[in-house]
>>> print(open('final13.tsv').read())   # TSV, C-alpha atoms and all ligand atoms
chain	number	residue	atom	x	y	z
A	1	MET	CA	3.67	-4.89	-13.38
A	2	ILE	CA	0.55	-7.06	-13.22
A	3	LYS	CA	0.20	-9.26	-16.30
A	4	ILE	CA	-3.40	-9.15	-17.52
A	5	VAL	CA	-4.44	-12.20	-19.57
A	6	GLU	CA	-7.29	-12.76	-22.03
A	7	ASP	CA	-8.26	-16.09	-20.51
A	8	LEU	CA	-7.66	-17.35	-16.95
A	9	LYS	CA	-6.84	-20.76	-18.47
A	10	GLU	CA	-3.44	-19.28	-19.43
A	11	PHE	CA	-2.50	-19.78	-15.78
A	12	LEU	CA	-3.44	-23.47	-15.71
A	13	PRO	CA	0.17	-24.76	-16.00
A	14	GLN	CA	1.17	-22.74	-12.91
A	15	LEU	CA	-2.06	-23.59	-11.11
A	16	ASN	CA	-1.57	-27.31	-11.77
A	17	ALA	CA	2.01	-27.13	-10.52
A	18	CYS	CA	0.92	-25.32	-7.35
A	19	ASP	CA	-1.98	-27.73	-6.81
A	20	THR	CA	0.36	-30.68	-6.42
A	21	ALA	CA	3.25	-28.72	-4.89
A	22	THR	CA	4.48	-29.73	-1.48
A	23	CYS	CA	6.54	-26.55	-0.96
A	24	LYS	CA	3.80	-24.43	0.69
A	25	PHE	CA	6.47	-21.77	1.17
A	26	CYS	CA	3.75	-19.17	0.71
A	27	HIS	CA	2.09	-19.49	4.11
A	28	GLU	CA	4.26	-18.29	7.00
A	29	PHE	CA	3.89	-14.52	6.67
A	30	CYS	CA	0.91	-14.50	4.29
A	31	THR	CA	-1.47	-11.92	5.77
A	32	MET	CA	-4.50	-14.16	5.34
A	33	TYR	CA	-2.72	-17.06	7.03
A	34	ILE	CA	-1.60	-14.85	9.89
A	35	GLU	CA	-5.20	-13.78	10.39
A	36	GLU	CA	-7.01	-17.09	9.86
A	37	ARG	CA	-4.36	-19.76	10.58
A	38	ALA	CA	-5.68	-22.15	7.91
A	39	MET	CA	-3.83	-23.37	4.81
A	40	SER	CA	-6.89	-22.58	2.70
A	41	TYR	CA	-6.08	-18.92	3.49
A	42	THR	CA	-2.73	-18.81	1.65
A	43	ALA	CA	-1.64	-18.25	-1.92
A	44	HIS	CA	-1.68	-22.03	-2.28
A	45	GLY	CA	-5.24	-22.20	-0.96
A	46	LEU	CA	-6.44	-19.42	-3.25
A	47	GLN	CA	-4.80	-20.98	-6.27
A	48	LYS	CA	-6.44	-24.34	-5.57
A	49	ILE	CA	-9.78	-22.52	-5.51
A	50	ILE	CA	-9.05	-20.50	-8.68
A	51	LYS	CA	-8.07	-23.69	-10.53
A	52	ARG	CA	-11.34	-25.31	-9.51
A	53	ILE	CA	-13.35	-22.30	-10.65
A	54	ILE	CA	-11.70	-22.64	-14.07
A	55	THR	CA	-12.41	-26.40	-14.22
A	56	GLY	CA	-15.99	-25.89	-13.05
A	57	GLU	CA	-15.54	-27.90	-9.83
A	58	ILE	CA	-16.39	-24.92	-7.61
A	59	ASN	CA	-19.24	-22.43	-7.90
A	60	PRO	CA	-17.53	-18.98	-8.01
A	61	LYS	CA	-20.24	-17.69	-5.65
A	62	ASP	CA	-18.86	-19.91	-2.89
A	63	ALA	CA	-15.28	-18.71	-3.40
A	64	VAL	CA	-15.56	-15.03	-4.18
A	65	GLU	CA	-15.07	-13.73	-0.65
A	66	ARG	CA	-11.97	-15.90	-0.15
A	67	ILE	CA	-10.39	-14.54	-3.34
A	68	TYR	CA	-10.90	-11.01	-2.03
A	69	ARG	CA	-9.29	-11.84	1.34
A	70	CYS	CA	-5.73	-11.45	0.00
A	71	THR	CA	-4.24	-8.06	0.89
A	72	THR	CA	-1.73	-8.28	-2.03
A	73	CYS	CA	1.02	-7.94	0.59
A	74	GLY	CA	3.45	-9.61	-1.82
A	75	TYR	CA	4.97	-12.14	0.60
A	76	CYS	CA	4.07	-15.11	-1.60
A	77	HIS	CA	5.02	-13.33	-4.81
A	78	TYR	CA	8.39	-11.84	-3.94
A	79	VAL	CA	9.69	-13.93	-1.11
A	80	ARG	CA	8.69	-17.53	-1.24
A	81	CYS	CA	6.82	-18.90	-4.23
A	82	ALA	CA	8.91	-20.60	-6.87
A	83	LEU	CA	6.19	-19.84	-9.45
A	84	GLN	CA	6.28	-16.06	-8.82
A	85	CYS	CA	2.90	-15.57	-10.40
A	86	ASN	CA	0.52	-15.46	-7.44
A	87	LEU	CA	-0.41	-11.80	-7.66
A	88	ASP	CA	-0.99	-11.97	-11.41
A	89	ILE	CA	-3.28	-14.96	-10.86
A	90	ILE	CA	-5.18	-13.38	-7.96
A	91	ILE	CA	-5.75	-10.05	-9.76
A	92	ASN	CA	-6.82	-11.79	-12.98
A	93	ALA	CA	-9.20	-14.03	-11.00
A	94	ARG	CA	-10.73	-10.93	-9.41
A	95	SER	CA	-11.07	-9.33	-12.82
A	96	TRP	CA	-12.86	-12.47	-14.05
A	97	LEU	CA	-15.19	-12.39	-11.02
A	98	ILE	CA	-16.08	-8.74	-11.72
A	99	GLU	CA	-16.65	-9.36	-15.43
A	100	ASN	CA	-18.90	-12.30	-14.64
A	101	GLY	CA	-20.97	-10.48	-12.02
A	102	TYR	CA	-19.65	-12.16	-8.86
A	103	VAL	CA	-18.27	-9.07	-7.13
A	104	PRO	CA	-19.15	-8.97	-3.38
A	105	VAL	CA	-21.33	-6.06	-2.28
A	106	SER	CA	-18.60	-4.60	-0.03
A	107	ILE	CA	-16.06	-4.60	-2.87
A	108	GLY	CA	-18.63	-3.16	-5.29
A	109	LYS	CA	-19.20	-0.29	-2.85
A	110	LEU	CA	-15.49	0.60	-2.74
A	111	LEU	CA	-15.37	0.62	-6.54
A	112	GLU	CA	-18.55	2.68	-6.78
A	113	ASN	CA	-17.06	5.21	-4.34
A	114	LEU	CA	-13.90	5.41	-6.45
A	115	VAL	CA	-15.99	6.34	-9.47
A	116	LYS	CA	-18.28	8.79	-7.63
A	117	PHE	CA	-15.93	10.37	-5.09
A	118	ASN	CA	-12.39	9.70	-6.39
A	119	ASN	CA	-11.71	7.79	-3.15
A	120	PRO	CA	-12.90	4.41	-1.82
A	121	MET	CA	-14.21	5.83	1.45
A	122	GLY	CA	-16.97	7.81	-0.24
A	123	VAL	CA	-15.86	11.12	1.31
A	124	SER	CA	-16.92	14.11	-0.77
A	125	LYS	CA	-14.91	16.85	0.97
A	126	GLU	CA	-11.15	17.31	0.77
A	127	LEU	CA	-9.60	18.09	4.16
A	128	ILE	CA	-6.35	19.86	3.32
A	129	ASP	CA	-6.44	23.63	2.82
A	130	LEU	CA	-3.65	24.00	0.25
A	131	GLU	CA	-4.17	27.78	-0.10
A	132	LYS	CA	-3.85	28.32	3.65
A	133	LEU	CA	-0.68	26.22	3.69
A	134	GLY	CA	0.68	28.38	0.84
A	135	VAL	CA	1.14	25.46	-1.57
A	136	LYS	CA	1.56	26.33	-5.25
A	137	ASP	CA	-0.75	24.79	-7.81
A	138	GLY	CA	1.05	21.89	-9.49
A	139	LYS	CA	0.19	23.48	-12.84
A	140	GLU	CA	2.40	26.52	-12.12
A	141	GLY	CA	5.70	25.32	-13.54
A	142	VAL	CA	7.02	23.66	-10.40
A	143	GLU	CA	9.95	21.22	-10.40
A	144	VAL	CA	8.42	18.71	-8.03
A	145	LEU	CA	4.83	17.52	-7.98
A	146	PHE	CA	3.69	16.28	-4.58
A	147	TYR	CA	0.93	13.71	-5.15
A	148	ILE	CA	-1.19	13.34	-2.01
A	149	GLY	CA	-3.73	10.69	-3.03
A	150	GLU	CA	-6.54	9.39	-0.84
A	151	SER	CA	-5.12	11.03	2.31
A	152	ARG	CA	-6.69	14.26	1.00
A	153	TYR	CA	-9.95	12.80	2.30
A	154	ASP	CA	-8.80	11.20	5.56
A	155	GLU	CA	-8.68	13.25	8.74
A	156	ARG	CA	-5.75	11.48	10.44
A	157	ASN	CA	-3.56	11.10	7.37
A	158	ALA	CA	-4.31	14.64	6.17
A	159	LYS	CA	-2.45	15.84	9.29
A	160	ALA	CA	0.64	13.85	8.24
A	161	VAL	CA	0.36	15.27	4.71
A	162	GLU	CA	0.35	18.78	6.20
A	163	SER	CA	3.57	17.91	8.06
A	164	ALA	CA	5.13	16.73	4.79
A	165	ILE	CA	4.12	20.01	3.12
A	166	ARG	CA	5.66	22.10	5.92
A	167	VAL	CA	8.91	20.10	5.70
A	168	LEU	CA	9.05	20.51	1.89
A	169	LYS	CA	8.58	24.26	2.34
A	170	ALA	CA	11.23	24.45	5.08
A	171	ALA	CA	13.66	22.67	2.74
A	172	GLY	CA	13.00	25.31	0.05
A	173	ILE	CA	11.68	22.86	-2.56
A	174	ASN	CA	9.94	24.34	-5.60
A	175	PHE	CA	6.94	22.04	-5.41
A	176	GLY	CA	3.24	22.12	-6.06
A	177	VAL	CA	0.12	20.04	-5.61
A	178	LEU	CA	-2.56	19.62	-8.25
A	179	ARG	CA	-5.81	21.19	-7.07
A	180	GLU	CA	-7.69	18.40	-8.83
A	181	GLU	CA	-5.95	15.09	-8.48
A	182	ALA	CA	-7.33	11.92	-10.06
A	183	ASN	CA	-7.07	8.73	-8.01
A	184	SER	CA	-4.00	6.68	-8.95
A	185	GLY	CA	-6.16	3.61	-9.66
A	186	ASP	CA	-4.12	1.50	-7.23
A	187	LEU	CA	-7.13	0.02	-5.46
A	188	ALA	CA	-9.11	-0.44	-8.71
A	189	LEU	CA	-6.24	-2.54	-10.07
A	190	ARG	CA	-5.73	-4.61	-6.89
A	191	LEU	CA	-9.47	-5.35	-6.80
A	192	GLY	CA	-9.38	-6.46	-10.43
A	193	GLU	CA	-11.35	-3.54	-11.93
A	194	ILE	CA	-8.92	-3.23	-14.82
A	195	GLY	CA	-11.12	-0.90	-16.92
A	196	LEU	CA	-11.40	1.61	-14.07
A	197	PHE	CA	-7.65	1.40	-13.43
A	198	GLU	CA	-7.02	2.16	-17.12
A	199	GLU	CA	-9.33	5.19	-16.91
A	200	PHE	CA	-7.37	6.60	-13.96
A	201	LYS	CA	-4.07	5.85	-15.68
A	202	GLU	CA	-5.23	7.70	-18.78
A	203	LYS	CA	-6.14	10.75	-16.66
A	204	ASN	CA	-2.83	10.77	-14.78
A	205	LYS	CA	0.04	9.42	-16.84
A	206	GLU	CA	0.42	12.22	-19.36
A	207	ILE	CA	0.23	14.86	-16.61
A	208	LEU	CA	2.70	13.12	-14.29
A	209	GLU	CA	5.38	12.42	-16.87
A	210	LYS	CA	5.84	16.17	-17.49
A	211	TYR	CA	7.45	16.77	-14.08
A	212	ASP	CA	11.13	16.40	-13.21
A	213	MET	CA	10.01	14.49	-10.15
A	214	VAL	CA	6.73	13.21	-8.72
A	215	VAL	CA	6.82	12.58	-4.97
A	216	THR	CA	4.01	10.50	-3.51
A	217	PHE	CA	2.74	10.47	0.05
A	218	SER	CA	1.53	6.86	-0.16
A	219	PRO	CA	3.69	3.84	-1.04
A	220	HIS	CA	0.63	2.42	-2.85
A	221	ASP	CA	0.52	5.34	-5.29
A	222	PHE	CA	4.32	5.23	-5.65
A	223	HIS	CA	4.15	1.54	-6.58
A	224	THR	CA	1.28	2.09	-9.00
A	225	PHE	CA	2.95	4.99	-10.81
A	226	LYS	CA	6.34	3.29	-10.93
A	227	ASN	CA	5.39	-0.27	-11.73
A	228	ASP	CA	1.89	-0.19	-13.20
A	229	TYR	CA	2.20	3.08	-15.19
A	230	GLY	CA	5.91	2.49	-15.85
A	231	LEU	CA	6.99	6.03	-14.80
A	232	ASP	CA	10.64	6.55	-13.91
A	233	ASN	CA	10.30	10.07	-12.44
A	234	VAL	CA	8.52	9.01	-9.29
A	235	THR	CA	9.72	8.51	-5.73
A	236	HIS	CA	8.25	8.06	-2.27
A	237	ILE	CA	8.40	10.95	0.17
A	238	SER	CA	10.62	9.00	2.63
A	239	VAL	CA	13.27	8.52	-0.08
A	240	PHE	CA	12.94	12.15	-1.18
A	241	PHE	CA	13.38	13.37	2.40
A	242	LYS	CA	16.46	11.15	2.85
A	243	GLU	CA	18.03	12.80	-0.22
A	244	LEU	CA	17.23	16.25	1.18
A	245	ILE	CA	18.86	15.27	4.49
A	246	ASP	CA	21.96	14.00	2.64
A	247	ASP	CA	22.10	17.26	0.65
A	248	GLY	CA	21.93	19.30	3.88
A	249	LYS	CA	18.56	20.87	2.93
A	250	ILE	CA	16.92	19.25	5.94
A	251	LYS	CA	18.73	19.21	9.28
A	252	LEU	CA	17.45	17.08	12.14
A	253	LYS	CA	17.92	17.39	15.89
A	254	LYS	CA	18.83	14.41	18.06
A	255	GLY	CA	16.01	12.95	20.12
A	256	LYS	CA	15.75	10.56	23.02
A	257	GLY	CA	14.06	7.18	23.21
A	258	ARG	CA	13.44	4.15	21.00
A	259	ALA	CA	11.37	4.02	17.83
A	260	ILE	CA	10.07	1.02	15.90
A	261	TYR	CA	9.54	1.20	12.13
A	262	LYS	CA	6.69	-0.58	10.35
A	263	ASP	CA	7.76	-1.59	6.82
A	264	PRO	CA	4.90	-0.84	4.41
A	265	CYS	CA	4.46	-3.78	1.97
A	266	TYR	CA	4.29	-1.44	-1.05
A	267	LEU	CA	7.52	0.33	-0.13
A	268	GLY	CA	9.50	-2.58	1.28
A	269	ARG	CA	8.61	-5.96	-0.13
A	270	HIS	CA	7.21	-4.70	-3.44
A	271	ASN	CA	9.96	-2.14	-4.12
A	272	GLY	CA	12.94	-3.08	-1.96
A	273	ILE	CA	12.99	0.26	-0.11
A	274	PHE	CA	13.98	-0.59	3.44
A	275	ASP	CA	17.00	1.55	4.31
A	276	GLU	CA	16.02	5.19	3.75
A	277	PRO	CA	13.27	5.39	6.41
A	278	ARG	CA	15.47	3.44	8.84
A	279	GLU	CA	18.42	5.79	8.25
A	280	ILE	CA	16.22	8.84	8.90
A	281	ILE	CA	14.89	7.38	12.15
A	282	SER	CA	18.24	6.14	13.43
A	283	SER	CA	19.83	9.54	12.77
A	284	ILE	CA	17.38	10.87	15.39
A	285	MET	CA	17.04	8.08	17.94
A	286	ASN	CA	17.55	4.38	18.56
A	287	LEU	CA	15.78	2.13	16.10
A	288	GLU	CA	14.03	-1.03	17.24
A	289	GLU	CA	12.89	-3.73	14.79
A	290	PHE	CA	9.82	-5.95	14.63
A	291	ASP	CA	10.90	-9.60	14.91
A	292	ALA	CA	9.72	-10.05	11.31
A	293	ASN	CA	10.97	-7.13	9.27
A	294	ARG	CA	12.05	-6.02	5.77
A	295	TYR	CA	11.06	-8.74	3.24
A	296	PHE	CA	9.41	-10.75	6.02
A	297	ALA	CA	7.52	-7.84	7.59
A	298	ILE	CA	3.93	-8.56	8.60
A	299	CYS	CA	1.43	-6.56	6.54
A	300	CYS	CA	-0.76	-4.18	8.56
A	301	GLY	CA	-3.71	-6.10	7.12
A	302	GLY	CA	-5.19	-3.07	5.37
A	303	GLY	CA	-3.98	-3.60	1.80
A	304	SER	CA	-6.31	-4.18	-1.15
A	305	GLY	CA	-9.15	-2.31	0.53
A	306	HIS	CA	-9.11	-4.31	3.79
A	307	VAL	CA	-8.60	-1.10	5.72
A	308	TRP	CA	-12.26	-0.42	4.88
A	309	LEU	CA	-13.56	-4.00	4.80
A	310	ASN	CA	-14.44	-6.48	7.50
A	311	LEU	CA	-14.01	-9.93	6.00
A	312	ARG	CA	-11.78	-11.36	8.74
A	313	LYS	CA	-13.04	-14.20	10.88
A	314	ARG	CA	-10.34	-14.84	13.49
A	315	GLN	CA	-7.99	-11.91	14.17
A	316	ARG	CA	-6.45	-8.86	12.51
A	317	ALA	CA	-2.77	-8.74	11.49
A	318	SER	CA	-2.72	-5.27	13.06
A	319	GLN	CA	-3.63	-6.84	16.43
A	320	ILE	CA	-0.49	-9.00	16.26
A	321	LEU	CA	1.64	-5.95	15.40
A	322	ALA	CA	0.04	-3.94	18.22
A	323	GLN	CA	0.83	-6.71	20.70
A	324	GLU	CA	4.49	-6.79	19.65
A	325	ILE	CA	4.68	-3.00	19.91
A	326	GLN	CA	3.32	-3.20	23.44
A	327	GLU	CA	5.81	-5.92	24.40
A	328	LYS	CA	8.73	-3.93	22.99
A	329	ASN	CA	7.63	-0.90	24.98
A	330	VAL	CA	8.97	1.65	22.44
A	331	ASP	CA	8.54	5.42	22.66
A	332	PHE	CA	7.57	6.00	19.00
A	333	VAL	CA	5.92	3.88	16.29
A	334	ILE	CA	6.91	5.19	12.87
A	335	THR	CA	4.88	4.52	9.73
A	336	ALA	CA	5.51	5.53	6.13
A	337	CYS	CA	2.11	4.57	4.73
A	338	PRO	CA	-1.35	5.99	5.45
A	339	VAL	CA	-2.89	2.51	5.46
A	340	CYS	CA	-0.45	1.29	8.17
A	341	THR	CA	-1.29	4.41	10.20
A	342	THR	CA	-5.03	3.76	10.02
A	343	MET	CA	-4.69	0.07	10.86
A	344	LEU	CA	-2.33	0.59	13.82
A	345	GLU	CA	-4.27	3.53	15.21
A	346	GLY	CA	-7.37	1.34	14.93
A	347	GLU	CA	-5.62	-0.86	17.52
A	348	ASN	CA	-5.07	2.19	19.77
A	349	VAL	CA	-1.39	2.44	18.85
A	350	LYS	CA	-0.30	6.06	18.56
A	351	THR	CA	1.85	6.46	15.44
A	352	LEU	CA	3.99	9.12	13.81
A	353	ASN	CA	4.20	9.19	10.04
A	354	ILE	CA	7.82	9.63	8.89
A	355	SER	CA	6.91	13.16	7.73
A	356	GLU	CA	5.59	13.97	11.20
A	357	LEU	CA	8.76	12.59	12.77
A	358	ILE	CA	10.90	14.80	10.53
A	359	GLU	CA	8.82	17.88	11.29
A	360	LYS	CA	9.02	17.15	15.03
A	361	PHE	CA	12.82	16.97	14.96
A	362	LEU	CA	13.44	19.62	12.31
A	363	GLU	CA	16.27	21.99	13.19
A	364	VAL	CA	15.12	25.51	12.42
B	401	LIG	S1	-0.21	-11.47	-1.47
B	401	LIG	FE1	0.04	-11.72	0.76
B	401	LIG	S2	-2.07	-12.02	1.54
B	401	LIG	FE2	-2.10	-12.41	-0.68
B	401	LIG	S3	-1.82	-14.63	-0.90
B	401	LIG	FE3	0.21	-13.65	-1.11
B	401	LIG	S4	1.10	-13.71	0.95
B	401	LIG	FE4	-1.13	-14.07	1.18
B	402	LIG	S1	4.96	-21.54	-2.62
B	402	LIG	FE1	3.95	-21.15	-4.60
B	402	LIG	S2	3.93	-23.17	-5.65
B	402	LIG	FE2	4.37	-23.54	-3.46
B	402	LIG	S3	2.33	-23.98	-2.61
B	402	LIG	FE3	2.74	-21.79	-2.32
B	402	LIG	S4	1.77	-20.76	-4.10
B	402	LIG	FE4	1.96	-22.96	-4.58
>>> encode(input="final13.tsv", output="structure tokens")
Amino acid sequence: MIKIVEDLKEFLPQLNACDTATCKFCHEFCTMYIEERAMSYTAHGLQKIIKRIITGEINPKDAVERIYRCTTCGYCHYVRCALQCNLDIIINARSWLIENGYVPVSIGKLLENLVKFNNPMGVSKELIDLEKLGVKDGKEGVEVLFYIGESRYDERNAKAVESAIRVLKAAGINFGVLREEANSGDLALRLGEIGLFEEFKEKNKEILEKYDMVVTFSPHDFHTFKNDYGLDNVTHISVFFKELIDDGKIKLKKGKGRAIYKDPCYLGRHNGIFDEPREIISSIMNLEEFDANRYFAICCGGGSGHVWLNLRKRQRASQILAQEIQEKNVDFVITACPVCTTMLEGENVKTLNISELIEKFLEV
């Protein structure tokens, strides 16, 4: 859970310690560092800047874009930094920038879209025909609520959601989807718009806690509900499907070939869920790994709104992943997050969401 403070100065002891630290453990797989290859683009670099904003040595205007470059991938926070406070500091710094009128235009647009359209892309039309798919309304006394999130508005990811729905139906799950679904507030929180996040949380929390189980399509929404709302009745669809496979409600055929799995930061590093998607894939075909995987997995580069932003100067993390995929010459690239799908497909890598993989190899 992100710790929100009254005054950024509360972080000064940590910021001072980091400023003089020689550890610099935070750089190797930091998404910004991977993309820009400069120490100023690391948690350490950001914290130096944030400290100097607090002490008045830097004009916030000159630093604002840098502070929004972090994808909140969690590498510094969970894996390497002895201080373990980087994400709290970065989110609070963003909140301070917003409150003091320094928000970049591109970030402001995403937030405005969230308010107006319930999604950061600014898409007004939902793309999934729930009636045609025969999905019950989540209000109709169902056991499981399937929370779709922003993929309701995204053409590519809507297709993967439809696969997930067909698999849930084939497994005989008594589930429903809310016809009107409020945004989880994940992006609002990561961008530091705490007030907007609280508004979304207020709309959702009371509704979600009534269900036996809430299953999310996106790891970002799963993380937000579990860790930022504090709900304990929420799971990610990959984990839910693994349970259904173990219970014999989903049976999978064997396939041929080799598949590589892209760990989503908000499933893996942030929540320690690494095994379930891998076990599903390897029950079907051979599983190949990225050289950096699990806690060290390279972020797709799309977190914290970067899937819709263009602030990079040197290269995209997704380009590095695409190159490794090409070198490994695998037959399938499996994702479990809509952001990873968008980023990899943006590099012309054809992907299968884990729900699409299951539907493809479903034994009927
Ligand atoms: S969260 Fe990721 S991108 Fe942000 S500073 Fe930490 S390692 Fe770098
Ligand atoms: S690992 Fe943590 S304390 Fe060390 S330089 Fe990086 S952010 Fe600072």
>>> closest_residue(input="final13.tsv", among="A:Cys299, A:Leu15, A:Ala21, A:Ala38", to="ligand LIG 401 (chain B)", atoms="only C-alpha atoms and all ligand atoms")
A:Cys299
>>> closest_residue(input="final13.tsv", among="A:Lys205, A:Lys132, A:His44, A:Lys116", to="Arg166 in chain A", atoms="only C-alpha atoms")
A:Lys132
>>> residues_around(input="final13.tsv", residues="range 241-256 of chain A", least_positions_apart="4", cutoff="8 Å", atoms="all atoms listed in the file", output="ChimeraX atom specification")
/A:170-172,237,276-277,279-280,283-286,358,361-364
>>> residues_near_ligand(input="final13.tsv", ligand="ligand LIG 402 (chain B)", cutoff="12 Å", atoms="all atoms listed in the file", output="ChimeraX atom specification")
/A:13-30,33,39-51,74-90
>>> atom_distance(input="final13.tsv", atom1="CA of Arg190 in chain A", atom2="CA of Arg294 in chain A")
21.9 Å
>>> residues_around(input="final13.tsv", residues="range 326-335 of chain A", least_positions_apart="4", cutoff="6 Å", atoms="all atoms listed in the file", output="list of chain:residue names")
A:Gly257, A:Arg258, A:Ala259, A:Ile260, A:Tyr261, A:Lys262, A:Thr351, A:Leu352, A:Asn353, A:Ile354
>>> closest_residue(input="final13.tsv", among="A:Ser304, A:Asn100, A:Gln323, A:Asn204", to="ligand LIG 401 (chain B)", atoms="all atoms listed in the file")
A:Ser304
>>> atom_distance(input="final13.tsv", atom1="CA of Tyr211 in chain A", atom2="CA of Glu162 in chain A")
21.6 Å
>>> residues_around(input="final13.tsv", residues="range 176-179 of chain A", least_positions_apart="2", cutoff="9 Å", atoms="all atoms listed in the file", output="list in words")
Leu130, Val135, Lys136, Asp137, Gly138, Lys139, Glu140, Gly141, Val142, Glu143, Val144, Leu145, Phe146, Tyr147, Ile148, Asn174 and Glu181 of chain A
>>> closest_residue(input="final13.tsv", among="A:Thr342, A:Asn348, A:Ser355, A:Asn118", to="His236 in chain A", atoms="only C-alpha atoms")
A:Ser355
>>> closest_residue(input="final13.tsv", among="A:Leu309, A:Leu8, A:Ile298, A:Leu189", to="ligand LIG 401 (chain B)", atoms="all atoms listed in the file")
A:Ile298
>>> build_atoms(input="final13.tsv", residues="range 155-173 of chain A", atoms="N, CA and C atoms", output="tab-separated table (two decimals), in the coordinates of the input")
chain	number	residue	atom	x	y	z
A	155	GLU	N	-9.03	12.27	7.71
A	155	GLU	CA	-8.68	13.25	8.74
A	155	GLU	C	-7.29	13.01	9.36
A	156	ARG	N	-7.03	11.78	9.77
A	156	ARG	CA	-5.75	11.48	10.44
A	156	ARG	C	-4.57	11.66	9.47
A	157	ASN	N	-4.69	11.06	8.31
A	157	ASN	CA	-3.56	11.10	7.37
A	157	ASN	C	-3.37	12.49	6.74
A	158	ALA	N	-4.45	13.27	6.68
A	158	ALA	CA	-4.31	14.64	6.17
A	158	ALA	C	-3.35	15.44	7.05
A	159	LYS	N	-3.35	15.14	8.36
A	159	LYS	CA	-2.45	15.84	9.29
A	159	LYS	C	-0.98	15.52	8.95
A	160	ALA	N	-0.73	14.26	8.61
A	160	ALA	CA	0.64	13.85	8.24
A	160	ALA	C	1.05	14.48	6.91
A	161	VAL	N	0.08	14.61	5.99
A	161	VAL	CA	0.36	15.27	4.71
A	161	VAL	C	0.76	16.73	4.96
A	162	GLU	N	0.04	17.37	5.89
A	162	GLU	CA	0.35	18.78	6.20
A	162	GLU	C	1.78	18.90	6.75
A	163	SER	N	2.18	17.93	7.56
A	163	SER	CA	3.57	17.91	8.06
A	163	SER	C	4.54	17.82	6.89
A	164	ALA	N	4.25	16.91	5.96
A	164	ALA	CA	5.13	16.73	4.79
A	164	ALA	C	5.24	18.05	4.02
A	165	ILE	N	4.12	18.74	3.86
A	165	ILE	CA	4.12	20.01	3.12
A	165	ILE	C	5.00	21.04	3.84
A	166	ARG	N	4.86	21.12	5.17
A	166	ARG	CA	5.66	22.10	5.92
A	166	ARG	C	7.16	21.77	5.82
A	167	VAL	N	7.49	20.48	5.82
A	167	VAL	CA	8.91	20.10	5.70
A	167	VAL	C	9.42	20.45	4.30
A	168	LEU	N	8.63	20.18	3.27
A	168	LEU	CA	9.05	20.51	1.89
A	168	LEU	C	9.30	22.02	1.77
A	169	LYS	N	8.42	22.80	2.39
A	169	LYS	CA	8.58	24.26	2.34
A	169	LYS	C	9.83	24.69	3.10
A	170	ALA	N	10.05	24.09	4.28
A	170	ALA	CA	11.23	24.45	5.08
A	170	ALA	C	12.52	24.11	4.33
A	171	ALA	N	12.47	23.08	3.50
A	171	ALA	CA	13.66	22.67	2.74
A	171	ALA	C	13.85	23.51	1.47
A	172	GLY	N	12.89	24.40	1.20
A	172	GLY	CA	13.00	25.31	0.05
A	172	GLY	C	12.76	24.63	-1.30
A	173	ILE	N	11.95	23.59	-1.31
A	173	ILE	CA	11.68	22.86	-2.56
A	173	ILE	C	10.64	23.62	-3.40
